[in-house]
>>> print(open('final_37.csv').read())   # CSV, N, CA and C atoms
chain,number,residue,atom,x,y,z
E,177,GLN,N,16.3,-13.6,-32.3
E,177,GLN,CA,15.7,-14.4,-31.3
E,177,GLN,C,15.1,-13.5,-30.2
E,178,VAL,N,13.9,-13.8,-29.9
E,178,VAL,CA,13.2,-13.1,-28.8
E,178,VAL,C,13.7,-13.4,-27.5
E,179,GLN,N,13.9,-12.4,-26.7
E,179,GLN,CA,14.3,-12.6,-25.3
E,179,GLN,C,13.4,-11.9,-24.4
E,180,LEU,N,12.9,-12.5,-23.3
E,180,LEU,CA,12.1,-12.0,-22.3
E,180,LEU,C,12.7,-12.1,-21.0
E,181,VAL,N,12.9,-10.9,-20.3
E,181,VAL,CA,13.6,-10.9,-19.0
E,181,VAL,C,12.7,-10.3,-18.0
E,182,GLU,N,12.3,-11.1,-17.0
E,182,GLU,CA,11.4,-10.7,-15.9
E,182,GLU,C,12.2,-10.1,-14.8
E,183,SER,N,11.6,-9.2,-14.0
E,183,SER,CA,12.2,-8.7,-12.8
E,183,SER,C,11.1,-8.2,-11.9
E,184,GLY,N,11.4,-8.0,-10.6
E,184,GLY,CA,10.5,-7.4,-9.7
E,184,GLY,C,9.9,-8.3,-8.7
E,185,GLY,N,10.2,-9.6,-8.8
E,185,GLY,CA,9.6,-10.5,-7.8
E,185,GLY,C,10.3,-10.3,-6.4
E,186,GLY,N,9.7,-11.0,-5.5
E,186,GLY,CA,10.3,-10.9,-4.1
E,186,GLY,C,9.3,-11.4,-3.1
E,187,LEU,N,9.6,-11.1,-1.8
E,187,LEU,CA,8.8,-11.5,-0.7
E,187,LEU,C,8.1,-10.3,-0.2
E,188,VAL,N,6.8,-10.5,0.0
E,188,VAL,CA,5.9,-9.4,0.5
E,188,VAL,C,4.9,-9.9,1.4
E,189,GLN,N,4.4,-9.1,2.4
E,189,GLN,CA,3.4,-9.5,3.3
E,189,GLN,C,2.0,-9.5,2.6
E,190,ALA,N,1.1,-10.2,3.1
E,190,ALA,CA,-0.3,-10.2,2.6
E,190,ALA,C,-0.8,-8.8,2.6
E,191,GLY,N,-1.5,-8.4,1.6
E,191,GLY,CA,-2.0,-7.0,1.5
E,191,GLY,C,-1.1,-6.1,0.8
E,192,GLY,N,0.2,-6.5,0.6
E,192,GLY,CA,1.2,-5.6,0.0
E,192,GLY,C,1.1,-5.6,-1.5
E,193,SER,N,2.0,-5.0,-2.2
E,193,SER,CA,2.1,-4.8,-3.6
E,193,SER,C,3.4,-5.1,-4.2
E,194,LEU,N,3.5,-5.5,-5.4
E,194,LEU,CA,4.7,-5.7,-6.2
E,194,LEU,C,4.4,-5.3,-7.6
E,195,ARG,N,5.4,-4.9,-8.3
E,195,ARG,CA,5.3,-4.7,-9.8
E,195,ARG,C,6.3,-5.5,-10.5
E,196,LEU,N,5.8,-6.4,-11.3
E,196,LEU,CA,6.7,-7.2,-12.2
E,196,LEU,C,6.9,-6.5,-13.5
E,197,SER,N,8.2,-6.6,-14.0
E,197,SER,CA,8.5,-6.1,-15.3
E,197,SER,C,9.0,-7.2,-16.2
E,198,CYS,N,8.7,-7.1,-17.5
E,198,CYS,CA,9.2,-8.0,-18.5
E,198,CYS,C,9.7,-7.2,-19.7
E,199,ALA,N,11.0,-7.2,-19.8
E,199,ALA,CA,11.7,-6.5,-20.9
E,199,ALA,C,11.9,-7.4,-22.1
E,200,ALA,N,11.3,-7.0,-23.3
E,200,ALA,CA,11.3,-7.9,-24.5
E,200,ALA,C,12.3,-7.3,-25.5
E,201,SER,N,13.0,-8.2,-26.1
E,201,SER,CA,14.0,-7.7,-27.1
E,201,SER,C,14.1,-8.8,-28.2
E,202,GLY,N,14.6,-8.3,-29.4
E,202,GLY,CA,15.0,-9.2,-30.5
E,202,GLY,C,14.0,-9.2,-31.7
E,203,ARG,N,12.9,-8.5,-31.5
E,203,ARG,CA,12.0,-8.4,-32.7
E,203,ARG,C,11.2,-7.1,-32.6
E,204,THR,N,10.4,-6.9,-33.7
E,204,THR,CA,9.4,-5.9,-33.6
E,204,THR,C,8.1,-6.5,-33.1
E,205,PHE,N,7.6,-6.0,-32.1
E,205,PHE,CA,6.5,-6.7,-31.4
E,205,PHE,C,5.1,-6.2,-31.7
E,206,SER,N,5.0,-5.4,-32.7
E,206,SER,CA,3.7,-4.7,-32.9
E,206,SER,C,2.5,-5.6,-33.1
E,207,SER,N,2.7,-6.8,-33.6
E,207,SER,CA,1.6,-7.8,-33.8
E,207,SER,C,1.6,-8.9,-32.7
E,208,TYR,N,2.3,-8.6,-31.6
E,208,TYR,CA,2.3,-9.6,-30.6
E,208,TYR,C,1.3,-9.4,-29.5
E,209,ALA,N,1.1,-10.5,-28.7
E,209,ALA,CA,0.4,-10.4,-27.5
E,209,ALA,C,1.3,-10.8,-26.4
E,210,MET,N,1.1,-10.3,-25.2
E,210,MET,CA,2.0,-10.6,-24.1
E,210,MET,C,1.2,-11.1,-22.9
E,211,GLY,N,1.7,-12.1,-22.2
E,211,GLY,CA,0.9,-12.6,-21.1
E,211,GLY,C,1.8,-12.8,-19.9
E,212,TRP,N,1.1,-12.8,-18.7
E,212,TRP,CA,1.8,-13.2,-17.5
E,212,TRP,C,1.1,-14.5,-17.0
E,213,PHE,N,1.9,-15.5,-16.7
E,213,PHE,CA,1.5,-16.7,-16.2
E,213,PHE,C,2.1,-17.0,-14.8
E,214,ARG,N,1.5,-17.9,-14.1
E,214,ARG,CA,2.2,-18.2,-12.8
E,214,ARG,C,2.0,-19.7,-12.6
E,215,GLN,N,2.9,-20.3,-11.8
E,215,GLN,CA,2.8,-21.7,-11.5
E,215,GLN,C,3.3,-21.9,-10.1
E,216,ALA,N,2.5,-22.4,-9.2
E,216,ALA,CA,2.8,-22.7,-7.9
E,216,ALA,C,3.1,-24.2,-7.8
E,217,PRO,N,3.9,-24.6,-6.8
E,217,PRO,CA,4.2,-26.1,-6.6
E,217,PRO,C,3.0,-26.9,-6.6
E,218,GLY,N,2.9,-28.0,-7.4
E,218,GLY,CA,1.8,-28.9,-7.4
E,218,GLY,C,0.6,-28.4,-8.1
E,219,ARG,N,0.7,-27.2,-8.7
E,219,ARG,CA,-0.5,-26.7,-9.4
E,219,ARG,C,-0.2,-26.5,-10.9
E,220,GLU,N,-1.2,-26.4,-11.7
E,220,GLU,CA,-1.0,-26.2,-13.1
E,220,GLU,C,-0.7,-24.7,-13.4
E,221,ARG,N,0.0,-24.5,-14.5
E,221,ARG,CA,0.3,-23.1,-14.9
E,221,ARG,C,-1.0,-22.4,-15.2
E,222,GLU,N,-1.1,-21.1,-14.8
E,222,GLU,CA,-2.3,-20.3,-14.9
E,222,GLU,C,-1.9,-19.0,-15.6
E,223,CYS,N,-2.7,-18.6,-16.5
E,223,CYS,CA,-2.6,-17.2,-17.1
E,223,CYS,C,-3.3,-16.3,-16.2
E,224,VAL,N,-2.6,-15.3,-15.7
E,224,VAL,CA,-3.2,-14.3,-14.8
E,224,VAL,C,-3.7,-13.1,-15.6
E,225,ALA,N,-2.9,-12.7,-16.6
E,225,ALA,CA,-3.3,-11.5,-17.4
E,225,ALA,C,-2.6,-11.6,-18.7
E,226,ALA,N,-3.2,-10.9,-19.7
E,226,ALA,CA,-2.6,-10.8,-21.0
E,226,ALA,C,-3.0,-9.5,-21.6
E,227,ILE,N,-2.2,-9.0,-22.6
E,227,ILE,CA,-2.5,-7.8,-23.2
E,227,ILE,C,-2.0,-7.8,-24.7
E,228,SER,N,-2.7,-7.1,-25.6
E,228,SER,CA,-2.2,-6.9,-26.9
E,228,SER,C,-1.1,-5.9,-26.9
E,229,TRP,N,-0.2,-5.9,-27.9
E,229,TRP,CA,0.9,-5.0,-27.9
E,229,TRP,C,0.4,-3.6,-27.9
E,230,SER,N,-0.7,-3.3,-28.6
E,230,SER,CA,-1.2,-2.0,-28.6
E,230,SER,C,-1.8,-1.5,-27.3
E,231,GLY,N,-2.0,-2.5,-26.4
E,231,GLY,CA,-2.6,-2.2,-25.1
E,231,GLY,C,-4.1,-2.1,-25.2
E,232,GLY,N,-4.7,-2.3,-26.3
E,232,GLY,CA,-6.2,-2.1,-26.5
E,232,GLY,C,-7.0,-3.2,-26.0
E,233,SER,N,-6.4,-4.3,-25.8
E,233,SER,CA,-7.2,-5.5,-25.4
E,233,SER,C,-6.5,-6.2,-24.2
E,234,THR,N,-7.2,-6.5,-23.2
E,234,THR,CA,-6.6,-7.2,-22.0
E,234,THR,C,-7.5,-8.3,-21.6
E,235,TYR,N,-6.9,-9.2,-20.8
E,235,TYR,CA,-7.5,-10.4,-20.2
E,235,TYR,C,-7.0,-10.5,-18.8
E,236,TYR,N,-7.9,-10.9,-17.9
E,236,TYR,CA,-7.6,-11.2,-16.5
E,236,TYR,C,-8.3,-12.4,-16.1
E,237,ALA,N,-7.5,-13.2,-15.3
E,237,ALA,CA,-8.1,-14.3,-14.6
E,237,ALA,C,-9.1,-13.8,-13.5
E,238,ASP,N,-10.1,-14.5,-13.3
E,238,ASP,CA,-11.1,-14.1,-12.3
E,238,ASP,C,-10.4,-13.9,-10.9
E,239,SER,N,-9.4,-14.8,-10.6
E,239,SER,CA,-8.8,-14.8,-9.3
E,239,SER,C,-8.0,-13.5,-9.1
E,240,VAL,N,-7.7,-12.7,-10.1
E,240,VAL,CA,-6.9,-11.5,-9.9
E,240,VAL,C,-7.6,-10.2,-10.3
E,241,LYS,N,-8.8,-10.3,-10.9
E,241,LYS,CA,-9.5,-9.1,-11.3
E,241,LYS,C,-9.7,-8.2,-10.2
E,242,GLY,N,-9.5,-6.9,-10.5
E,242,GLY,CA,-9.6,-5.9,-9.4
E,242,GLY,C,-8.4,-5.7,-8.6
E,243,ARG,N,-7.4,-6.6,-8.7
E,243,ARG,CA,-6.2,-6.6,-7.8
E,243,ARG,C,-4.9,-6.4,-8.7
E,244,PHE,N,-4.9,-7.0,-9.9
E,244,PHE,CA,-3.8,-7.0,-10.8
E,244,PHE,C,-4.1,-6.1,-12.0
E,245,THR,N,-3.1,-5.4,-12.5
E,245,THR,CA,-3.2,-4.6,-13.7
E,245,THR,C,-2.0,-4.9,-14.6
E,246,ILE,N,-2.3,-5.2,-15.8
E,246,ILE,CA,-1.3,-5.4,-16.8
E,246,ILE,C,-1.2,-4.2,-17.7
E,247,SER,N,0.0,-3.8,-18.1
E,247,SER,CA,0.2,-2.6,-18.9
E,247,SER,C,1.4,-2.8,-19.7
E,248,ILE,N,1.5,-1.9,-20.7
E,248,ILE,CA,2.7,-2.0,-21.7
E,248,ILE,C,3.2,-0.7,-22.0
E,249,ASP,N,4.5,-0.6,-22.1
E,249,ASP,CA,5.2,0.6,-22.5
E,249,ASP,C,5.9,0.3,-23.8
E,250,ASN,N,5.3,0.7,-24.9
E,250,ASN,CA,5.8,0.3,-26.2
E,250,ASN,C,7.1,0.9,-26.5
E,251,ALA,N,7.4,2.1,-26.0
E,251,ALA,CA,8.7,2.7,-26.3
E,251,ALA,C,9.8,1.9,-25.6
E,252,LYS,N,9.5,1.3,-24.5
E,252,LYS,CA,10.5,0.5,-23.8
E,252,LYS,C,10.5,-0.9,-24.0
E,253,ASN,N,9.5,-1.4,-24.8
E,253,ASN,CA,9.3,-2.8,-25.1
E,253,ASN,C,9.2,-3.6,-23.8
E,254,THR,N,8.4,-3.0,-22.9
E,254,THR,CA,8.3,-3.6,-21.5
E,254,THR,C,6.9,-3.8,-21.1
E,255,VAL,N,6.6,-4.9,-20.5
E,255,VAL,CA,5.2,-5.2,-20.0
E,255,VAL,C,5.3,-5.3,-18.5
E,256,TYR,N,4.3,-4.7,-17.9
E,256,TYR,CA,4.3,-4.7,-16.4
E,256,TYR,C,3.1,-5.4,-15.9
E,257,LEU,N,3.2,-5.9,-14.7
E,257,LEU,CA,2.1,-6.5,-13.9
E,257,LEU,C,2.1,-5.9,-12.6
E,258,GLN,N,1.2,-5.0,-12.3
E,258,GLN,CA,1.1,-4.4,-11.0
E,258,GLN,C,0.2,-5.3,-10.2
E,259,MET,N,0.7,-5.7,-9.1
E,259,MET,CA,-0.1,-6.6,-8.2
E,259,MET,C,-0.3,-6.0,-6.9
E,260,ASN,N,-1.6,-5.7,-6.6
E,260,ASN,CA,-2.0,-5.1,-5.3
E,260,ASN,C,-2.8,-6.1,-4.5
E,261,SER,N,-3.0,-5.8,-3.2
E,261,SER,CA,-3.7,-6.6,-2.3
E,261,SER,C,-3.3,-8.1,-2.4
E,262,LEU,N,-2.1,-8.3,-2.4
E,262,LEU,CA,-1.6,-9.7,-2.6
E,262,LEU,C,-2.0,-10.6,-1.5
E,263,LYS,N,-2.2,-11.9,-1.9
E,263,LYS,CA,-2.7,-12.9,-0.9
E,263,LYS,C,-1.6,-14.0,-0.9
E,264,PRO,N,-1.6,-14.8,0.1
E,264,PRO,CA,-0.7,-16.0,0.1
E,264,PRO,C,-0.9,-16.9,-1.0
E,265,GLU,N,-2.1,-17.0,-1.5
E,265,GLU,CA,-2.3,-17.9,-2.7
E,265,GLU,C,-1.8,-17.3,-4.0
E,266,ASP,N,-1.3,-16.1,-4.0
E,266,ASP,CA,-0.7,-15.6,-5.2
E,266,ASP,C,0.8,-16.0,-5.3
E,267,THR,N,1.3,-16.7,-4.2
E,267,THR,CA,2.7,-17.2,-4.2
E,267,THR,C,2.9,-18.2,-5.4
E,268,ALA,N,3.9,-17.9,-6.2
E,268,ALA,CA,4.2,-18.7,-7.4
E,268,ALA,C,5.4,-18.1,-8.1
E,269,VAL,N,5.9,-18.9,-9.1
E,269,VAL,CA,6.8,-18.3,-10.0
E,269,VAL,C,6.0,-17.7,-11.2
E,270,TYR,N,6.3,-16.5,-11.5
E,270,TYR,CA,5.6,-15.7,-12.5
E,270,TYR,C,6.4,-15.7,-13.8
E,271,TYR,N,5.8,-16.0,-14.9
E,271,TYR,CA,6.5,-16.0,-16.2
E,271,TYR,C,5.9,-15.0,-17.1
E,272,CYS,N,6.7,-14.4,-17.9
E,272,CYS,CA,6.3,-13.5,-19.0
E,272,CYS,C,6.3,-14.4,-20.3
E,273,ALA,N,5.3,-14.2,-21.1
E,273,ALA,CA,5.3,-14.9,-22.4
E,273,ALA,C,4.9,-14.0,-23.5
E,274,ALA,N,5.3,-14.3,-24.7
E,274,ALA,CA,5.0,-13.6,-25.9
E,274,ALA,C,4.4,-14.5,-27.0
E,275,SER,N,3.4,-14.0,-27.6
E,275,SER,CA,2.7,-14.7,-28.7
E,275,SER,C,2.8,-14.0,-30.0
E,276,THR,N,3.2,-14.7,-31.1
E,276,THR,CA,3.2,-14.1,-32.4
E,276,THR,C,1.8,-14.3,-33.1
E,277,ARG,N,0.9,-15.0,-32.4
E,277,ARG,CA,-0.3,-15.4,-33.1
E,277,ARG,C,-1.6,-14.6,-32.6
E,278,TYR,N,-1.4,-13.4,-32.1
E,278,TYR,CA,-2.5,-12.6,-31.6
E,278,TYR,C,-3.6,-12.5,-32.6
E,279,TYR,N,-3.3,-12.3,-33.9
E,279,TYR,CA,-4.3,-12.1,-34.9
E,279,TYR,C,-4.7,-13.4,-35.6
E,280,SER,N,-4.3,-14.5,-35.0
E,280,SER,CA,-4.7,-15.8,-35.5
E,280,SER,C,-6.0,-16.2,-35.0
E,281,VAL,N,-6.8,-17.0,-35.7
E,281,VAL,CA,-8.1,-17.4,-35.3
E,281,VAL,C,-8.0,-18.2,-34.0
E,282,GLY,N,-7.0,-19.1,-33.8
E,282,GLY,CA,-6.9,-19.9,-32.7
E,282,GLY,C,-6.3,-19.3,-31.4
E,283,PHE,N,-6.0,-18.1,-31.5
E,283,PHE,CA,-5.3,-17.5,-30.3
E,283,PHE,C,-6.3,-17.4,-29.1
E,284,ARG,N,-5.8,-17.9,-28.0
E,284,ARG,CA,-6.5,-17.8,-26.7
E,284,ARG,C,-5.6,-17.2,-25.7
E,285,PRO,N,-5.9,-16.1,-25.2
E,285,PRO,CA,-4.9,-15.4,-24.3
E,285,PRO,C,-4.6,-16.2,-23.0
E,286,ARG,N,-5.5,-17.0,-22.5
E,286,ARG,CA,-5.2,-17.8,-21.3
E,286,ARG,C,-4.6,-19.1,-21.5
E,287,ASP,N,-4.4,-19.5,-22.8
E,287,ASP,CA,-3.8,-20.8,-23.1
E,287,ASP,C,-2.3,-20.7,-23.4
E,288,GLY,N,-1.5,-21.3,-22.5
E,288,GLY,CA,-0.1,-21.3,-22.7
E,288,GLY,C,0.4,-21.7,-24.0
E,289,ALA,N,-0.4,-22.6,-24.7
E,289,ALA,CA,0.0,-23.1,-26.0
E,289,ALA,C,-0.1,-22.1,-27.1
E,290,SER,N,-0.7,-20.9,-26.8
E,290,SER,CA,-0.8,-19.8,-27.7
E,290,SER,C,0.4,-19.0,-27.7
E,291,TYR,N,1.3,-19.2,-26.8
E,291,TYR,CA,2.5,-18.4,-26.7
E,291,TYR,C,3.8,-19.1,-27.2
E,292,ASP,N,4.7,-18.3,-27.8
E,292,ASP,CA,5.8,-18.8,-28.5
E,292,ASP,C,7.1,-18.7,-27.7
E,293,TYR,N,7.2,-17.6,-26.9
E,293,TYR,CA,8.4,-17.3,-26.1
E,293,TYR,C,8.1,-17.1,-24.7
E,294,TRP,N,9.1,-17.6,-23.8
E,294,TRP,CA,8.9,-17.5,-22.4
E,294,TRP,C,10.1,-16.9,-21.7
E,295,GLY,N,9.9,-16.2,-20.6
E,295,GLY,CA,11.0,-15.8,-19.8
E,295,GLY,C,11.4,-16.8,-18.8
E,296,GLN,N,12.4,-16.5,-18.0
E,296,GLN,CA,12.9,-17.5,-17.1
E,296,GLN,C,12.1,-17.6,-15.8
E,297,GLY,N,11.3,-16.6,-15.5
E,297,GLY,CA,10.4,-16.6,-14.3
E,297,GLY,C,11.0,-15.8,-13.2
E,298,THR,N,10.2,-15.3,-12.4
E,298,THR,CA,10.6,-14.6,-11.2
E,298,THR,C,9.7,-15.0,-10.0
E,299,GLN,N,10.2,-15.3,-8.9
E,299,GLN,CA,9.5,-15.8,-7.7
E,299,GLN,C,8.8,-14.7,-7.0
E,300,VAL,N,7.5,-14.9,-6.7
E,300,VAL,CA,6.7,-14.1,-5.9
E,300,VAL,C,6.3,-14.9,-4.7
E,301,THR,N,6.6,-14.4,-3.5
E,301,THR,CA,6.2,-15.1,-2.2
E,301,THR,C,5.4,-14.1,-1.4
E,302,VAL,N,4.2,-14.5,-1.0
E,302,VAL,CA,3.4,-13.6,-0.2
E,302,VAL,C,3.2,-14.3,1.2
E,303,SER,N,3.6,-13.7,2.2
E,303,SER,CA,3.6,-14.3,3.6
E,303,SER,C,2.3,-13.8,4.2
E,304,SER,N,1.7,-14.7,5.1
E,304,SER,CA,0.5,-14.4,5.8
E,304,SER,C,0.7,-13.7,7.1
>>> encode(input="final_37.csv", output="structure tokens")
Amino acid sequence: QVQLVESGGGLVQAGGSLRLSCAASGRTFSSYAMGWFRQAPGRERECVAAISWSGGSTYYADSVKGRFTISIDNAKNTVYLQMNSLKPEDTAVYYCAASTRYYSVGFRPRDGASYDYWGQGTQVTVSS
């Protein structure tokens, strides 16, 4: 059974930085893709970034390009989301997700339906 455990959330002032971590366990992940999603109250879930397990392919939402960086440490089975220049509108619960269908025709990194496993989420709050 795949387990995803997020950490690193918290309260930060606008302009500050946070790094989220997602520790994955339970499988061999070499054919997986990993994503970071967020959901704010009253808003739809949004994919902010995704990465192939090899690290060779990445996706970013327009709203975070140039501010967020997704990376992966294969040896530690851990995915990171470095968030810089944070804005109040980045406030949300952030979720890590894993997809077994990266090499499938229908895989879409920004589509939550493409992901099979989810973490419990970590709260990020950016104060103005």
>>> atom_distance(input="final_37.csv", atom1="atom C of Trp229 (chain E)", atom2="CA of Met259 (chain E)")
19.9 Å
>>> atom_distance(input="final_37.csv", atom1="CA of Ile227 (chain E)", atom2="atom C of Ile248 (chain E)")
9.2 Å
>>> closest_residue(input="final_37.csv", among="E:Ala225, E:Val300, E:Ala199, E:Ala268", to="Lys252 (chain E)", atoms="all atoms listed in the file")
E:Ala199
>>> residues_around(input="final_37.csv", residues="Ser239 (chain E)", least_positions_apart="5", cutoff="10 Å", atoms="only C-alpha atoms", output="PyMOL selection string")
chain E and resi 224+244+265-266
>>> atom_distance(input="final_37.csv", atom1="CA of Tyr279 (chain E)", atom2="CA of Trp294 (chain E)")
19.0 Å
>>> residues_near_point(input="final_37.csv", point="(7.0, -3.3, -8.6)", cutoff="7 Å", atoms="all atoms listed in the file", output="number ranges by chain")
E: 184, 193-197, 257-259
>>> closest_residue(input="final_37.csv", among="E:Ile246, E:Val181, E:Ala216, E:Leu187", to="Ala200 (chain E)", atoms="all atoms listed in the file")
E:Val181
>>> select_by_dssp(input="final_37.csv", residues="chain E", states="strand (DSSP E)", output="number ranges by chain")
E: 179-183, 186-189, 194-201, 209-215, 222-228, 234-236, 244-249, 254-259, 268-275, 293-294, 298-303
>>> closest_residue(input="final_37.csv", among="E:Thr276, E:Gln296, E:Asn260, E:Ser304", to="Ser183 (chain E)", atoms="only C-alpha atoms")
E:Gln296
>>> closest_residue(input="final_37.csv", among="E:Gly295, E:Arg277, E:Pro285, E:Tyr208", to="Tyr235 (chain E)", atoms="all atoms listed in the file")
E:Pro285
>>> closest_residue(input="final_37.csv", among="E:Pro264, E:Ala274, E:Ser230, E:Cys223", to="Asn250 (chain E)", atoms="all atoms listed in the file")
E:Ser230
>>> closest_residue(input="final_37.csv", among="E:Leu262, E:Gly218, E:Gly288, E:Thr245", to="Val188 (chain E)", atoms="only N, CA and C atoms")
E:Leu262
>>> select_by_dssp(input="final_37.csv", residues="chain E", states="helix (DSSP H, G or I)", output="PyMOL selection string")
chain E and resi 250-252+264-266+288-290
>>> decode(input="final_37.csv", residues="region 247-297 of chain E", atoms="C-alpha atoms", output="JSON list (two decimals), in the first residue's frame")
[["chain", "number", "residue", "atom", "x", "y", "z"],
["E", 247, "SER", "CA", 12.10, 18.38, -7.14],
["E", 248, "ILE", "CA", 12.63, 14.77, -6.25],
["E", 249, "ASP", "CA", 15.20, 12.78, -4.29],
["E", 250, "ASN", "CA", 14.94, 9.26, -5.61],
["E", 251, "ALA", "CA", 17.24, 7.84, -2.95],
["E", 252, "LYS", "CA", 14.94, 9.14, -0.21],
["E", 253, "ASN", "CA", 11.66, 8.56, -2.09],
["E", 254, "THR", "CA", 10.82, 12.16, -1.28],
["E", 255, "VAL", "CA", 9.30, 14.92, -3.37],
["E", 256, "TYR", "CA", 9.78, 18.56, -2.46],
["E", 257, "LEU", "CA", 7.96, 21.77, -3.25],
["E", 258, "GLN", "CA", 10.08, 24.85, -2.66],
["E", 259, "MET", "CA", 7.79, 27.86, -2.42],
["E", 260, "ASN", "CA", 9.30, 31.32, -2.64],
["E", 261, "SER", "CA", 7.78, 34.80, -2.81],
["E", 262, "LEU", "CA", 4.65, 33.49, -1.18],
["E", 263, "LYS", "CA", 1.43, 35.45, -1.52],
["E", 264, "PRO", "CA", -1.74, 35.44, 0.58],
["E", 265, "GLU", "CA", -3.52, 33.75, -2.32],
["E", 266, "ASP", "CA", -1.19, 30.76, -1.92],
["E", 267, "THR", "CA", -2.97, 29.98, 1.34],
["E", 268, "ALA", "CA", -4.46, 26.49, 1.08],
["E", 269, "VAL", "CA", -4.15, 22.89, 2.16],
["E", 270, "TYR", "CA", -1.42, 21.34, 0.04],
["E", 271, "TYR", "CA", -1.64, 17.69, -0.95],
["E", 272, "CYS", "CA", 0.92, 15.34, -2.39],
["E", 273, "ALA", "CA", -0.31, 12.82, -4.95],
["E", 274, "ALA", "CA", 1.15, 9.86, -6.82],
["E", 275, "SER", "CA", 0.14, 8.51, -10.20],
["E", 276, "THR", "CA", 0.82, 5.03, -11.53],
["E", 277, "ARG", "CA", -0.26, 6.13, -15.01],
["E", 278, "TYR", "CA", 2.54, 8.48, -16.05],
["E", 279, "TYR", "CA", 3.23, 6.42, -19.19],
["E", 280, "SER", "CA", -0.45, 6.05, -20.04],
["E", 281, "VAL", "CA", -1.94, 7.93, -22.98],
["E", 282, "GLY", "CA", -4.55, 9.63, -20.84],
["E", 283, "PHE", "CA", -2.21, 10.94, -18.15],
["E", 284, "ARG", "CA", -2.59, 14.64, -17.49],
["E", 285, "PRO", "CA", -0.34, 16.05, -14.78],
["E", 286, "ARG", "CA", -2.75, 18.81, -13.78],
["E", 287, "ASP", "CA", -5.78, 16.53, -13.54],
["E", 288, "GLY", "CA", -6.42, 15.09, -10.10],
["E", 289, "ALA", "CA", -8.21, 12.15, -11.69],
["E", 290, "SER", "CA", -4.84, 11.03, -13.10],
["E", 291, "TYR", "CA", -3.56, 10.35, -9.59],
["E", 292, "ASP", "CA", -4.10, 7.20, -7.56],
["E", 293, "TYR", "CA", -2.76, 7.99, -4.10],
["E", 294, "TRP", "CA", -3.05, 11.07, -1.93],
["E", 295, "GLY", "CA", -1.48, 12.33, 1.25],
["E", 296, "GLN", "CA", -3.38, 13.78, 4.18],
["E", 297, "GLY", "CA", -2.48, 17.38, 3.36]]
